[in-house]
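Heads up, the thing below is written out as structure tokens.
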Amino acid sequence: MPNALPPFSAPYAPDDAEIAAALLRTAHLSPPQDARIDRSATRLIEAIRTSDDRLGGVEDMLREFALSTKEGLALMVLAEALLRVPDARTADQFIEDKLGEGDFIHHETKSSAFLVNASAWALGLSARVIQPGETPDGTIGRLVKRLGAPAVRAATRQAMRLMGNHFVLGETIEQALERARPRSGHQPRYSFDMLGEGARTASDANRYFDAYASAIETIGKAAGDRPLPDRPGISVKLSALHPRFEAIGRDRVMREQVPDLVDLAKRAKAHDLNFTVDAEEADRLELSLDVIAATLADPALAGWDGFGLAIQAYQKRARDVIDYIDSLARALDRKLMVRLVKGAYWDTEIKRAQERGLDSYPVFTRKAMTDLNYVACAQKLLALRPRIFPQFATHNALTVATVLELAGGDGGYEFQRLHGMGEALYERLAQDHPGIAYRTYAPVGSHRDLLAYLVRRLLENGANSSFVAQASDYRVPVATLLQRPADSVTKPQQANHPRIPLPRDLFAPERRNSRGVEFGERAALDRLLADIASEATDLKPVSDATPQQANAAIAAARAGFASWSRTPAATRAAALEQAAYLLEQRAAHFMALLQREGGKTLDDALSEVREAADFCRYYAAQGRKLFGTEEAMPGPTGESNGLALRGRGVFVAISPWNFPLAIFLGQVTAALMAGNAVVAKPAEQTPRIAIDAVRLLHEAGVPASALHLVIGDGHIGAALTAHQSIAGVVFTGSTEVARAINRTLAAKDGPIVPLIAETGGINAMIADATALPEQVTDDVVTSAFRSAGQRCSALRLLFVQEDVADRMIEMIAGAARELRIGDPREIATHIGPVIDAEAKQRLDAHIARMTKEARLHFAGKAPEGTFVAPHIFELADAGQLTEEVFGPILHVVRYRAEHLGRVLKAVERSGFGLTLGIHSRIDDTIEAIIARLSVGNIYVNRNMIGAVVGVQPFGGNGLSGTGPKAGGPHYLARFATEQTVTINTAAAGGNAALLAGEE
């Protein structure tokens, strides 16, 4: 590739108002143009409304079962998961659960389409057999259940297959080509999409590569002799061709994936096909463009005009991408094809930006802004003809009419629609404009792969405000459908959706979200890496305190308590908020310390700094409310009763090495905010981080008299907790040490000293047959192996329903194999060292024992040093795991669906209750597990499509403000068991009314 063309670079999440101002300047056309657009769009809308499609399509499904209804959401969940459920029992529970959420019995169909009526009939029949509200156990015990269950399964599965047959062109490329074969003189254009999620394993990537290569050969042989662009094409997903398609692994991706993409492109060139790289999430955009640029630069592809890519108009960088692609085409003297879509991952992009603490979103939060940008992008692309061949993917009649007007009569472009959608619109378009070409984007693959794709299409087009949802609704006037996006966004200040706060304001008005860095933005990542590299961290040995020095620290803290406890709560809170600000300003410094002293990888180090900042802000916000003013209490005449909270005295805070900044500051700031003086003792392995954290708190406004640091090993910690003058202990670490502290405190004479302890345990996850294997794999790998498994809340024991266990274990093992183990300071490292040689020795001993006692599914390879590679062992019984194993070792137990109760008993018998994960689409199962188990933090993933988003399973994502933490200001943990339940439903339709996606 010519050196003159630099890599793509544009702000990842620019300000919406600035973009809106630029778009509005060019949004308005002349009155004659608007009149022609109205006439053309009206004819297309009339065609949609008068269509008598006896088979039906997505539009009919959306009209029949709108996403704003319980029936629509239940149908969507059924469609996504049912056909992959292999066992009858789980399928019955799943069907009963979802049909119980809507009123299918009394549902009256509004459509004459065969597909919709057949689906409604099947679902209605099922609902009559399984009455809503009946429990699975009670229903199964009835004769009607035994007689009706097979019929219910058959009817509901048939309804799902019916949708599959309509929305997939073929289960194989040969079947698809047969259905695509012209039945008249007209030769339709197709782009074939091989269905499937992104690769998690090398075998996945190889399988997808082989599928693409085979499809290219088959399509090419049947393509005929027409020239481009009037030839078939294929769409390729980059994340399907590599198991670690991520920004931090750029060097590996470029080394391993570019040759594969070049290989596929050369095969497509040999048949002169249209070869399109699909668009994915925003954090993969720059990496995707790097891969595309390197592939296009291969001399073997010179002279071929079929290479293309998709650009998403809901991304704020879409116009920048067009400019870059044009520069690339000019630099290589190449013609390129560009598919312009509105976007397919909107809910994911919103949630990811929120959890990553970005300044803004990479996508628009208002659909009108997406529509404005689409038109602006269309104008750009049309102006770049013939070097760029635009392909406009849309089912919106107004968008089609606008593109027609902007294009004039010059040709050199095409429209695109999804197979199963937009038939009536494009039939009318072909009648009114015989010279206009359109291509059908057709999925190819099995029904189980199709349905996740179908749900994504339903989500994209199912918003209450979307054109597709409204076009066939006669109650919506045509004039409403003809309103221009500039009529909704009349000034830049209206660009942001009022109901979607910016990521930094996610917790407003209580506090700011902690600031993160998007690794998918090369400029931001490079700045961060440079800042970390410039930090000269001093890791010289630190002298341990003597018992006399420990006693002196407590005495000094006791002397400082009086003044600090009388300091107004607002002043204490302001100091904590200033500490959060300083943490973010010095993030690179603390990240360097975390990497060099704590062995943290880049992403873990960033997450910990963010979590530490969030602790500071969380306790400041809580403290303002709880300690701000005295609460007046009712009482008899003549009395004045008030309730106020005050500090207890000197707290000893003992923190662990695995979160040496976040937990350290979490303990200390909670106790300080409550008005206590603190003597903090960090783990002996990570003293430098604690030293700098205490300096920062002092600089932020916490007086040195109120906060004291004591360095030392467990003997110093024991001396501190045994001191007669302390008023409380907050501890995070092993259960064994927590019990020893408890015994020490209980043996004291005098006032009872509270202990607030957070310990680890055998944390479990339960995955049933309705769970998506890719999502289970993502969560398991993140929780069990990242951070070298050194989280008190990491996954230790995975229960998998036996009907799907083989596939899930194989995928988890394959994904673990792709993790890079090594120096945590290297950007591409996923797993760093364990904390010290002693920890490695314990883990190696456990691995040796498990190798004899359990079935080994995977054993990774670790480099020399204190590294332990991921291991996966299958146990015959959960009872074989009797204690927490603090490292990257996963234990798996299979269970039968009817024995879920035994699984819950096994979790209860473990005696631990810190965290639990649940992967299921069956709400009754989820609710039963939550009600049964006394677990502090429960993470539920019933998200239906796409990559897993939301809270990282079992902690460490930097969003810590979900409830009072250990050492919190009002010590709820002393009186009740706290439980936080996080349910990941980002794609379950909750944001459907706000969708800004494709249509």
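Letters A, B, ... go to the chains of the structure tokens in the order shown; residues in each chain start at 1; ligands are counted from 1 in the same order.
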Tell me which protein, DNA and RNA residues are within 10 Å of A:Ser235, counting only C-alpha atoms, leaving out same-chain ones fewer than 3 positions away, and put them as a ChimeraX atom specification.
-> /A:191-195,212,238,274-279,308-310,441-443
Within 8 Å of A:Ser787, counting only C-alpha atoms, which residues show up once you throw out same-chain ones fewer than 3 positions away? Write them as an MDAnalysis selection string, please.
-> chainID A and resid 600:601 604 790:791 830:832
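Take atom CA of A:Gly445 and atom CA of A:Lys351: the distance between them is 29.2 Å.
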Residue contacts of A:Ala368 (8 Å, only C-alpha atoms) excluding same-chain residues fewer than 2 positions away, as an NGL selection string = :A and (366 or 370-372 or 485-486 or 488-489 or 996)
Write out as an NGL selection string all residues of stretch 542-749 of chain A that DSSP puts in alpha helix (DSSP H) for this structure's backbone.
-> :A and (547-566 or 569-585 or 587-598 or 602-627 or 662-673 or 687-700 or 714-722 or 735-746)
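What separates atom CA of A:Ala828 from atom CA of A:Ala662 is a distance of 23.3 Å.
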Which neighbours of A:Val753 fall inside 9 Å, counting only C-alpha atoms, when residues of the same chain fewer than 6 positions from it are skipped, and could you give them as a ChimeraX atom specification?
-> /A:726-729,745-746
Those same residues, written as a compact mmCIF listing (two decimals), in the first residue's frame with N, CA and C atoms?
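Listing of selection34.txt after writing:
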```
# COMPACT_ATOMS: atom_id res chain seq x y z
N ILE A 726 -9.16 0.05 68.44
CA ILE A 726 -9.82 0.16 67.15
C ILE A 726 -11.33 0.03 67.31
N ALA A 727 -12.06 0.66 66.40
CA ALA A 727 -13.53 0.66 66.45
C ALA A 727 -14.16 -0.21 65.38
N GLY A 728 -13.35 -0.76 64.47
CA GLY A 728 -13.91 -1.59 63.42
C GLY A 728 -12.82 -2.08 62.49
N VAL A 729 -13.14 -3.15 61.76
CA VAL A 729 -12.21 -3.72 60.78
C VAL A 729 -12.98 -3.97 59.49
N LEU A 745 -11.40 -10.47 67.30
CA LEU A 745 -12.30 -9.40 67.74
C LEU A 745 -13.27 -9.89 68.80
N ALA A 746 -13.74 -11.12 68.63
CA ALA A 746 -14.71 -11.66 69.59
C ALA A 746 -14.10 -11.88 70.97
```
